[in-house]
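Undergrad: target_12.cif (mmCIF, N, CA and C atoms) pasted underneath:
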```cif
data_my_file
loop_
_atom_site.label_atom_id
_atom_site.label_comp_id
_atom_site.auth_asym_id
_atom_site.auth_seq_id
_atom_site.Cartn_x
_atom_site.Cartn_y
_atom_site.Cartn_z
N MET A 733 -24.35 14.00 -29.29
CA MET A 733 -25.05 13.15 -28.36
C MET A 733 -25.63 14.01 -27.25
N SER A 734 -26.84 13.70 -26.84
CA SER A 734 -27.48 14.49 -25.79
C SER A 734 -26.80 14.22 -24.45
N SER A 735 -26.89 15.21 -23.58
CA SER A 735 -26.25 15.06 -22.27
C SER A 735 -26.95 13.98 -21.45
N HIS A 736 -28.27 13.79 -21.70
CA HIS A 736 -29.02 12.75 -20.98
C HIS A 736 -28.49 11.37 -21.38
N LYS A 737 -28.31 11.17 -22.68
CA LYS A 737 -27.81 9.89 -23.17
C LYS A 737 -26.39 9.64 -22.67
N ALA A 738 -25.57 10.68 -22.69
CA ALA A 738 -24.18 10.55 -22.21
C ALA A 738 -24.17 10.20 -20.72
N GLY A 739 -25.08 10.78 -19.96
CA GLY A 739 -25.17 10.48 -18.53
C GLY A 739 -25.57 9.04 -18.28
N LEU A 740 -26.53 8.55 -19.08
CA LEU A 740 -26.95 7.15 -18.96
C LEU A 740 -25.80 6.20 -19.33
N GLN A 741 -25.07 6.55 -20.39
CA GLN A 741 -23.94 5.72 -20.79
C GLN A 741 -22.87 5.69 -19.70
N ALA A 742 -22.58 6.84 -19.14
CA ALA A 742 -21.56 6.91 -18.09
C ALA A 742 -21.97 6.05 -16.89
N THR A 743 -23.25 6.10 -16.52
CA THR A 743 -23.74 5.29 -15.41
C THR A 743 -23.63 3.80 -15.74
N ALA A 744 -24.03 3.43 -16.95
CA ALA A 744 -23.94 2.02 -17.36
C ALA A 744 -22.49 1.54 -17.37
N ILE A 745 -21.59 2.37 -17.86
CA ILE A 745 -20.16 2.00 -17.90
C ILE A 745 -19.63 1.84 -16.49
N GLN A 746 -19.98 2.74 -15.60
CA GLN A 746 -19.52 2.63 -14.22
C GLN A 746 -20.03 1.36 -13.56
N GLN A 747 -21.27 1.00 -13.82
CA GLN A 747 -21.82 -0.24 -13.25
C GLN A 747 -21.12 -1.46 -13.82
N GLN A 748 -20.87 -1.45 -15.12
CA GLN A 748 -20.17 -2.57 -15.74
C GLN A 748 -18.74 -2.69 -15.22
N CYS A 749 -18.08 -1.56 -15.07
CA CYS A 749 -16.71 -1.57 -14.55
C CYS A 749 -16.68 -2.05 -13.11
N LYS A 750 -17.71 -1.73 -12.35
CA LYS A 750 -17.79 -2.22 -10.97
C LYS A 750 -17.88 -3.74 -10.97
N LEU A 751 -18.73 -4.29 -11.84
CA LEU A 751 -18.86 -5.75 -11.93
C LEU A 751 -17.58 -6.42 -12.41
N LEU A 752 -16.87 -5.75 -13.29
CA LEU A 752 -15.61 -6.29 -13.82
C LEU A 752 -14.42 -5.97 -12.92
N ARG A 753 -14.69 -5.26 -11.85
CA ARG A 753 -13.64 -4.84 -10.91
C ARG A 753 -12.57 -3.99 -11.59
N LEU A 754 -13.04 -2.97 -12.29
CA LEU A 754 -12.18 -2.00 -12.96
C LEU A 754 -12.56 -0.59 -12.48
N PRO A 755 -12.36 -0.29 -11.20
CA PRO A 755 -12.84 0.99 -10.67
C PRO A 755 -12.20 2.22 -11.31
N ALA A 756 -10.93 2.17 -11.61
CA ALA A 756 -10.28 3.34 -12.22
C ALA A 756 -10.81 3.59 -13.62
N VAL A 757 -11.06 2.53 -14.36
CA VAL A 757 -11.63 2.68 -15.70
C VAL A 757 -12.99 3.35 -15.58
N GLY A 758 -13.81 2.86 -14.65
CA GLY A 758 -15.15 3.41 -14.46
C GLY A 758 -15.14 4.87 -14.06
N SER A 759 -14.21 5.24 -13.20
CA SER A 759 -14.20 6.63 -12.72
C SER A 759 -13.49 7.59 -13.68
N GLN A 760 -12.60 7.09 -14.52
CA GLN A 760 -11.80 7.97 -15.37
C GLN A 760 -12.19 7.95 -16.85
N CYS A 761 -13.05 7.02 -17.27
CA CYS A 761 -13.31 6.85 -18.70
C CYS A 761 -13.87 8.12 -19.35
N ALA A 762 -14.81 8.79 -18.70
CA ALA A 762 -15.42 9.99 -19.29
C ALA A 762 -14.42 11.14 -19.38
N VAL A 763 -13.66 11.34 -18.32
CA VAL A 763 -12.67 12.43 -18.30
C VAL A 763 -11.61 12.19 -19.37
N LEU A 764 -11.12 10.96 -19.45
CA LEU A 764 -10.08 10.65 -20.44
C LEU A 764 -10.64 10.71 -21.86
N ALA A 765 -11.91 10.33 -22.04
CA ALA A 765 -12.51 10.39 -23.37
C ALA A 765 -12.56 11.84 -23.88
N GLU A 766 -12.91 12.75 -22.98
CA GLU A 766 -12.93 14.17 -23.36
C GLU A 766 -11.54 14.67 -23.72
N ALA A 767 -10.55 14.27 -22.93
CA ALA A 767 -9.17 14.71 -23.19
C ALA A 767 -8.67 14.17 -24.53
N VAL A 768 -8.99 12.91 -24.82
CA VAL A 768 -8.56 12.29 -26.08
C VAL A 768 -9.24 12.98 -27.27
N ALA A 769 -10.51 13.30 -27.12
CA ALA A 769 -11.23 13.98 -28.20
C ALA A 769 -10.64 15.37 -28.46
N ARG A 770 -10.33 16.09 -27.39
CA ARG A 770 -9.72 17.42 -27.54
C ARG A 770 -8.38 17.34 -28.24
N GLU A 771 -7.59 16.33 -27.89
CA GLU A 771 -6.24 16.20 -28.45
C GLU A 771 -6.21 15.40 -29.75
N LYS A 772 -7.41 14.99 -30.21
CA LYS A 772 -7.55 14.25 -31.46
C LYS A 772 -6.65 13.01 -31.50
N GLN A 773 -6.69 12.24 -30.40
CA GLN A 773 -5.92 11.00 -30.32
C GLN A 773 -6.79 9.84 -30.81
N SER A 774 -6.16 8.73 -31.07
CA SER A 774 -6.88 7.56 -31.59
C SER A 774 -7.59 6.80 -30.47
N HIS A 775 -8.45 5.90 -30.87
CA HIS A 775 -9.15 5.04 -29.92
C HIS A 775 -8.15 4.19 -29.14
N LEU A 776 -7.11 3.74 -29.82
CA LEU A 776 -6.10 2.93 -29.15
C LEU A 776 -5.32 3.75 -28.13
N ASP A 777 -5.08 5.02 -28.43
CA ASP A 777 -4.43 5.90 -27.45
C ASP A 777 -5.30 6.00 -26.20
N TYR A 778 -6.60 6.17 -26.42
CA TYR A 778 -7.56 6.26 -25.31
C TYR A 778 -7.53 4.98 -24.48
N LEU A 779 -7.61 3.85 -25.15
CA LEU A 779 -7.63 2.57 -24.44
C LEU A 779 -6.33 2.36 -23.66
N GLU A 780 -5.22 2.69 -24.28
CA GLU A 780 -3.92 2.53 -23.61
C GLU A 780 -3.84 3.40 -22.36
N THR A 781 -4.29 4.64 -22.46
CA THR A 781 -4.27 5.56 -21.32
C THR A 781 -5.20 5.07 -20.22
N LEU A 782 -6.37 4.60 -20.61
CA LEU A 782 -7.35 4.11 -19.65
C LEU A 782 -6.83 2.89 -18.90
N LEU A 783 -6.24 1.96 -19.61
CA LEU A 783 -5.71 0.75 -18.97
C LEU A 783 -4.49 1.07 -18.11
N ALA A 784 -3.66 2.00 -18.55
CA ALA A 784 -2.51 2.41 -17.74
C ALA A 784 -2.98 3.03 -16.42
N THR A 785 -4.07 3.79 -16.48
CA THR A 785 -4.63 4.39 -15.28
C THR A 785 -5.09 3.30 -14.31
N GLU A 786 -5.74 2.28 -14.82
CA GLU A 786 -6.19 1.15 -13.99
C GLU A 786 -5.00 0.43 -13.36
N LEU A 787 -3.98 0.19 -14.15
CA LEU A 787 -2.79 -0.50 -13.62
C LEU A 787 -2.10 0.31 -12.53
N GLU A 788 -1.98 1.61 -12.74
CA GLU A 788 -1.36 2.46 -11.72
C GLU A 788 -2.14 2.39 -10.42
N GLU A 789 -3.46 2.43 -10.54
CA GLU A 789 -4.32 2.37 -9.35
C GLU A 789 -4.16 1.03 -8.64
N ARG A 790 -4.08 -0.04 -9.40
CA ARG A 790 -3.93 -1.36 -8.80
C ARG A 790 -2.57 -1.54 -8.12
N GLN A 791 -1.56 -0.88 -8.62
CA GLN A 791 -0.25 -0.96 -7.98
C GLN A 791 -0.21 -0.12 -6.72
N ARG A 792 -0.94 0.97 -6.70
CA ARG A 792 -0.96 1.85 -5.54
C ARG A 792 -1.87 1.30 -4.44
N ASN A 793 -2.98 0.68 -4.79
CA ASN A 793 -3.96 0.25 -3.80
C ASN A 793 -3.47 -0.81 -2.82
N PRO A 794 -2.75 -1.85 -3.24
CA PRO A 794 -2.32 -2.85 -2.25
C PRO A 794 -1.44 -2.25 -1.16
N VAL A 795 -0.60 -1.32 -1.52
CA VAL A 795 0.25 -0.68 -0.52
C VAL A 795 -0.62 0.09 0.47
N GLN A 796 -1.55 0.89 -0.04
CA GLN A 796 -2.43 1.66 0.83
C GLN A 796 -3.28 0.74 1.70
N ARG A 797 -3.77 -0.36 1.12
CA ARG A 797 -4.60 -1.30 1.87
C ARG A 797 -3.80 -1.95 2.99
N ARG A 798 -2.56 -2.36 2.70
CA ARG A 798 -1.73 -2.97 3.74
C ARG A 798 -1.44 -1.99 4.87
N LEU A 799 -1.13 -0.76 4.50
CA LEU A 799 -0.89 0.25 5.53
C LEU A 799 -2.14 0.48 6.37
N ARG A 800 -3.29 0.52 5.73
CA ARG A 800 -4.55 0.71 6.45
C ARG A 800 -4.85 -0.49 7.34
N ASP A 801 -4.64 -1.71 6.81
CA ASP A 801 -4.91 -2.93 7.57
C ASP A 801 -4.02 -3.07 8.79
N GLU A 802 -2.82 -2.52 8.70
CA GLU A 802 -1.90 -2.58 9.82
C GLU A 802 -2.39 -1.73 10.99
N ARG A 803 -3.27 -0.76 10.70
CA ARG A 803 -3.81 0.15 11.72
C ARG A 803 -2.69 0.79 12.53
N LEU A 804 -1.72 1.27 11.81
CA LEU A 804 -0.57 1.88 12.46
C LEU A 804 -0.89 3.30 12.90
N PRO A 805 -0.43 3.67 14.06
CA PRO A 805 -0.61 5.06 14.47
C PRO A 805 0.31 5.95 13.65
N ARG A 806 0.00 7.24 13.60
CA ARG A 806 0.87 8.17 12.88
C ARG A 806 2.15 8.32 13.68
N MET A 807 3.21 7.82 13.10
CA MET A 807 4.50 7.90 13.75
C MET A 807 5.51 8.40 12.73
N LYS A 808 6.66 8.74 13.20
CA LYS A 808 7.71 9.20 12.32
C LYS A 808 8.11 8.08 11.37
N THR A 809 8.51 8.47 10.17
CA THR A 809 9.05 7.47 9.24
C THR A 809 10.47 7.13 9.69
N LEU A 810 11.02 6.08 9.11
CA LEU A 810 12.38 5.69 9.46
C LEU A 810 13.35 6.84 9.25
N GLU A 811 13.13 7.60 8.18
CA GLU A 811 14.04 8.69 7.86
C GLU A 811 13.93 9.84 8.86
N GLU A 812 12.77 10.01 9.49
CA GLU A 812 12.55 11.12 10.41
C GLU A 812 13.08 10.84 11.82
N GLN A 813 13.37 9.60 12.12
CA GLN A 813 13.78 9.23 13.46
C GLN A 813 15.27 9.50 13.68
N SER A 814 15.62 9.63 14.94
CA SER A 814 17.03 9.79 15.27
C SER A 814 17.40 8.76 16.34
N PRO A 815 17.35 7.49 15.98
CA PRO A 815 17.63 6.44 16.96
C PRO A 815 19.13 6.25 17.16
N LYS A 816 19.46 5.35 18.05
CA LYS A 816 20.87 5.06 18.32
C LYS A 816 21.40 3.98 17.38
N ILE A 817 20.69 3.73 16.32
CA ILE A 817 21.11 2.77 15.30
C ILE A 817 21.52 3.60 14.07
N SER A 818 22.54 3.18 13.38
CA SER A 818 23.06 4.00 12.28
C SER A 818 22.08 4.05 11.11
N ALA A 819 22.18 5.13 10.35
CA ALA A 819 21.33 5.31 9.17
C ALA A 819 21.56 4.19 8.16
N THR A 820 22.79 3.72 8.06
CA THR A 820 23.10 2.62 7.14
C THR A 820 22.37 1.35 7.55
N GLU A 821 22.38 1.05 8.85
CA GLU A 821 21.69 -0.15 9.34
C GLU A 821 20.18 -0.03 9.12
N ILE A 822 19.63 1.14 9.33
CA ILE A 822 18.19 1.35 9.11
C ILE A 822 17.85 1.14 7.64
N ARG A 823 18.66 1.70 6.73
CA ARG A 823 18.41 1.52 5.29
C ARG A 823 18.47 0.05 4.91
N GLN A 824 19.44 -0.68 5.46
CA GLN A 824 19.55 -2.11 5.15
C GLN A 824 18.32 -2.87 5.64
N LEU A 825 17.86 -2.54 6.83
CA LEU A 825 16.66 -3.19 7.34
C LEU A 825 15.44 -2.82 6.50
N ALA A 826 15.33 -1.56 6.11
CA ALA A 826 14.18 -1.09 5.33
C ALA A 826 14.12 -1.78 3.97
N GLU A 827 15.25 -2.21 3.44
CA GLU A 827 15.25 -2.92 2.15
C GLU A 827 14.58 -4.28 2.25
N GLY A 828 14.48 -4.84 3.46
CA GLY A 828 13.71 -6.06 3.67
C GLY A 828 14.44 -7.36 3.43
N GLY A 829 15.75 -7.36 3.33
CA GLY A 829 16.48 -8.60 3.13
C GLY A 829 16.23 -9.62 4.24
N TYR A 830 15.98 -9.12 5.46
CA TYR A 830 15.71 -10.02 6.58
C TYR A 830 14.43 -10.83 6.35
N ILE A 831 13.49 -10.28 5.61
CA ILE A 831 12.25 -10.99 5.33
C ILE A 831 12.53 -12.16 4.39
N GLU A 832 13.30 -11.90 3.34
CA GLU A 832 13.66 -12.95 2.38
C GLU A 832 14.43 -14.07 3.07
N ARG A 833 15.26 -13.72 4.03
CA ARG A 833 16.07 -14.72 4.74
C ARG A 833 15.31 -15.31 5.93
N ALA A 834 14.07 -14.87 6.15
CA ALA A 834 13.23 -15.34 7.27
C ALA A 834 13.92 -15.11 8.61
N GLU A 835 14.56 -13.95 8.76
CA GLU A 835 15.25 -13.61 10.00
C GLU A 835 14.37 -12.69 10.83
N PRO A 836 14.18 -12.98 12.10
CA PRO A 836 13.42 -12.06 12.95
C PRO A 836 14.27 -10.84 13.28
N ILE A 837 13.60 -9.75 13.54
CA ILE A 837 14.27 -8.52 13.97
C ILE A 837 13.82 -8.26 15.40
N LEU A 838 14.77 -8.12 16.30
CA LEU A 838 14.47 -7.84 17.70
C LEU A 838 15.13 -6.54 18.11
N PHE A 839 14.36 -5.65 18.71
CA PHE A 839 14.90 -4.43 19.29
C PHE A 839 14.75 -4.56 20.79
N ILE A 840 15.86 -4.47 21.49
CA ILE A 840 15.87 -4.60 22.94
C ILE A 840 16.41 -3.31 23.52
N GLY A 841 15.71 -2.79 24.52
CA GLY A 841 16.18 -1.56 25.16
C GLY A 841 15.19 -1.07 26.18
N ASP A 842 15.58 -0.03 26.87
CA ASP A 842 14.73 0.56 27.90
C ASP A 842 13.53 1.25 27.27
N CYS A 843 12.58 1.61 28.12
CA CYS A 843 11.42 2.37 27.66
C CYS A 843 11.90 3.70 27.09
N GLY A 844 11.24 4.13 26.04
CA GLY A 844 11.54 5.43 25.45
C GLY A 844 12.72 5.43 24.50
N THR A 845 13.18 4.25 24.08
CA THR A 845 14.33 4.19 23.17
C THR A 845 13.90 3.99 21.72
N GLN A 846 12.64 4.21 21.42
CA GLN A 846 12.09 4.21 20.07
C GLN A 846 12.04 2.83 19.41
N LYS A 847 11.93 1.78 20.21
CA LYS A 847 11.84 0.43 19.64
C LYS A 847 10.57 0.28 18.81
N THR A 848 9.43 0.72 19.36
CA THR A 848 8.16 0.61 18.64
C THR A 848 8.17 1.49 17.40
N GLN A 849 8.76 2.68 17.52
CA GLN A 849 8.85 3.57 16.36
C GLN A 849 9.63 2.91 15.24
N LEU A 850 10.76 2.30 15.57
CA LEU A 850 11.58 1.63 14.56
C LEU A 850 10.82 0.47 13.93
N MET A 851 10.18 -0.35 14.75
CA MET A 851 9.45 -1.49 14.21
C MET A 851 8.28 -1.04 13.33
N THR A 852 7.62 0.01 13.74
CA THR A 852 6.53 0.54 12.93
C THR A 852 7.06 1.04 11.59
N GLY A 853 8.20 1.71 11.62
CA GLY A 853 8.81 2.16 10.36
C GLY A 853 9.18 1.00 9.46
N LEU A 854 9.71 -0.07 10.03
CA LEU A 854 10.05 -1.25 9.23
C LEU A 854 8.80 -1.92 8.67
N ARG A 855 7.74 -1.95 9.45
CA ARG A 855 6.48 -2.53 8.96
C ARG A 855 5.95 -1.71 7.78
N LYS A 856 6.01 -0.40 7.89
CA LYS A 856 5.55 0.45 6.79
C LYS A 856 6.40 0.23 5.55
N ALA A 857 7.71 0.13 5.74
CA ALA A 857 8.60 -0.11 4.60
C ALA A 857 8.26 -1.44 3.93
N ALA A 858 7.98 -2.46 4.73
CA ALA A 858 7.62 -3.77 4.18
C ALA A 858 6.29 -3.70 3.44
N CYS A 859 5.33 -2.98 3.98
CA CYS A 859 4.03 -2.83 3.31
C CYS A 859 4.20 -2.15 1.96
N ARG A 860 5.06 -1.16 1.89
CA ARG A 860 5.29 -0.46 0.63
C ARG A 860 5.94 -1.37 -0.40
N GLN A 861 6.62 -2.42 0.06
CA GLN A 861 7.24 -3.39 -0.83
C GLN A 861 6.30 -4.58 -1.10
N LYS A 862 5.03 -4.41 -0.70
CA LYS A 862 3.99 -5.43 -0.90
C LYS A 862 4.33 -6.73 -0.17
N ARG A 863 4.85 -6.58 1.04
CA ARG A 863 5.20 -7.73 1.87
C ARG A 863 4.35 -7.71 3.12
N ARG A 864 4.23 -8.87 3.72
CA ARG A 864 3.48 -8.97 4.97
C ARG A 864 4.44 -9.25 6.09
N VAL A 865 4.23 -8.58 7.20
CA VAL A 865 5.07 -8.76 8.37
C VAL A 865 4.18 -8.80 9.60
N ARG A 866 4.75 -9.27 10.70
CA ARG A 866 4.01 -9.29 11.95
C ARG A 866 4.85 -8.63 13.02
N PHE A 867 4.24 -7.76 13.77
CA PHE A 867 4.89 -7.08 14.87
C PHE A 867 4.25 -7.56 16.16
N MET A 868 5.08 -7.84 17.13
CA MET A 868 4.53 -8.17 18.44
C MET A 868 5.52 -7.74 19.52
N THR A 869 4.95 -7.37 20.63
CA THR A 869 5.80 -7.04 21.76
C THR A 869 6.17 -8.34 22.46
N THR A 870 7.19 -8.28 23.29
CA THR A 870 7.58 -9.47 24.05
C THR A 870 6.44 -9.91 24.94
N ALA A 871 5.79 -8.96 25.60
CA ALA A 871 4.66 -9.30 26.48
C ALA A 871 3.54 -9.97 25.68
N GLY A 872 3.27 -9.46 24.49
CA GLY A 872 2.23 -10.06 23.66
C GLY A 872 2.59 -11.47 23.24
N ARG A 873 3.84 -11.70 22.91
CA ARG A 873 4.30 -13.04 22.50
C ARG A 873 4.23 -14.01 23.67
N VAL A 874 4.63 -13.56 24.87
CA VAL A 874 4.54 -14.41 26.06
C VAL A 874 3.09 -14.77 26.33
N ASN A 875 2.19 -13.80 26.21
CA ASN A 875 0.76 -14.08 26.41
C ASN A 875 0.25 -15.11 25.41
N ASP A 876 0.67 -15.00 24.15
CA ASP A 876 0.27 -15.98 23.13
C ASP A 876 0.75 -17.37 23.49
N LEU A 877 1.98 -17.47 23.96
CA LEU A 877 2.55 -18.78 24.33
C LEU A 877 1.83 -19.37 25.53
N VAL A 878 1.50 -18.53 26.53
CA VAL A 878 0.78 -18.99 27.71
C VAL A 878 -0.60 -19.50 27.30
N GLU A 879 -1.29 -18.74 26.45
CA GLU A 879 -2.63 -19.16 25.98
C GLU A 879 -2.54 -20.47 25.20
N ALA A 880 -1.54 -20.61 24.36
CA ALA A 880 -1.38 -21.84 23.57
C ALA A 880 -1.12 -23.03 24.48
N LYS A 881 -0.36 -22.83 25.52
CA LYS A 881 -0.05 -23.93 26.45
C LYS A 881 -1.30 -24.38 27.19
N GLN A 882 -2.14 -23.39 27.55
CA GLN A 882 -3.38 -23.72 28.29
C GLN A 882 -4.35 -24.41 27.37
#
```
Once more with this new file: its structure as structure tokens, please.

TA:
Amino acid sequence: MSSHKAGLQATAIQQQCKLLRLPAVGSQCAVLAEAVAREKQSHLDYLETLLATELEERQRNPVQRRLRDERLPRMKTLEEQSPKISATEIRQLAEGGYIERAEPILFIGDCGTQKTQLMTGLRKAACRQKRRVRFMTTAGRVNDLVEAKQ
């Protein structure tokens, strides 16, 4: 096949995959096709690998999107912090059982005691588990309540 024809096919496939919302298939189909041909694998092997690539991308993207949507500043992860709360308690919170039980998490303390860092770490952990959470400061919550009352 001529390289011109192959280029046109690749462009057409990418456009079709865009319409079908299969971005990983569109971006990886040519590379994987070459690898399959080199390794003399079957068409079904190719299709299986291509679809697995799409699934992996779809599982990774929601987590990345949630983290991006949260607009979190670069902060230490839960594991990197050295708060006055035990590592066991942090691990339990990071597992997200409080979300399933609909329990709020409140950190109370003086300025500089890493309350925001801890909450940010918990939000990131929840995002990685494909969960949605809301973080608010006490001042922000009071402002919301005042606005709602008015």

Undergrad: Please measure the separation of atom C of Thr852 (chain A) and atom N of Arg790 (chain A), giving the value in Å to one decimal.

TA: 23.8 Å

Undergrad: Please identify which residues in chain A DSSP calls alpha helix (DSSP H) from the backbone, and express them as a PyMOL selection string.

TA: chain A and resi 735-751+755-770+775-802+819-826+829-832+847-860+870-881

Undergrad: Go ahead and compute the interatomic distance for atom C of Tyr778 (chain A) and atom C of Leu754 (chain A), in Å to one decimal.

TA: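 Between atom C of Tyr778 (chain A) and atom C of Leu754 (chain A) the gap works out to 14.2 Å.
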
Undergrad: Got a sec to resolve the PyMOL selection byres ((chain A and resi 855) around 8) on this structure and send the residues as a PyMOL selection string?

TA: chain A and resi 798-799+826+849-854+856-861+863-867

Undergrad: How many Å separate CA of Cys749 (chain A) from CA of Leu783 (chain A)?

TA: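 Separation of CA of Cys749 (chain A) and CA of Leu783 (chain A): 12.1 Å.
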
Undergrad: Neighbouring residues of region 744-746 of chain A were defined as those with any atom within 7 Å, considering all atoms listed in the file; residues of the same chain fewer than 3 positions away were excluded. Please report them as a PyMOL selection string.

TA: chain A and resi 739-741+749-751+757-759

Undergrad: Which of these residues is nearest to Lys847 (chain A), using only C-alpha atoms: A:Cys761, A:Glu827, A:Thr820, A:Thr870?

TA: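 Among the listed residues, A:Thr870 lies closest to Lys847 (chain A).
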
Undergrad: I'd like to know which of A:Ala819, A:Arg770, A:His736, A:Glu786 is closest to Pro755 (chain A), using all atoms listed in the file.

TA: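 Using all atoms listed in the file, the shortest distance to Pro755 (chain A) belongs to A:Glu786.
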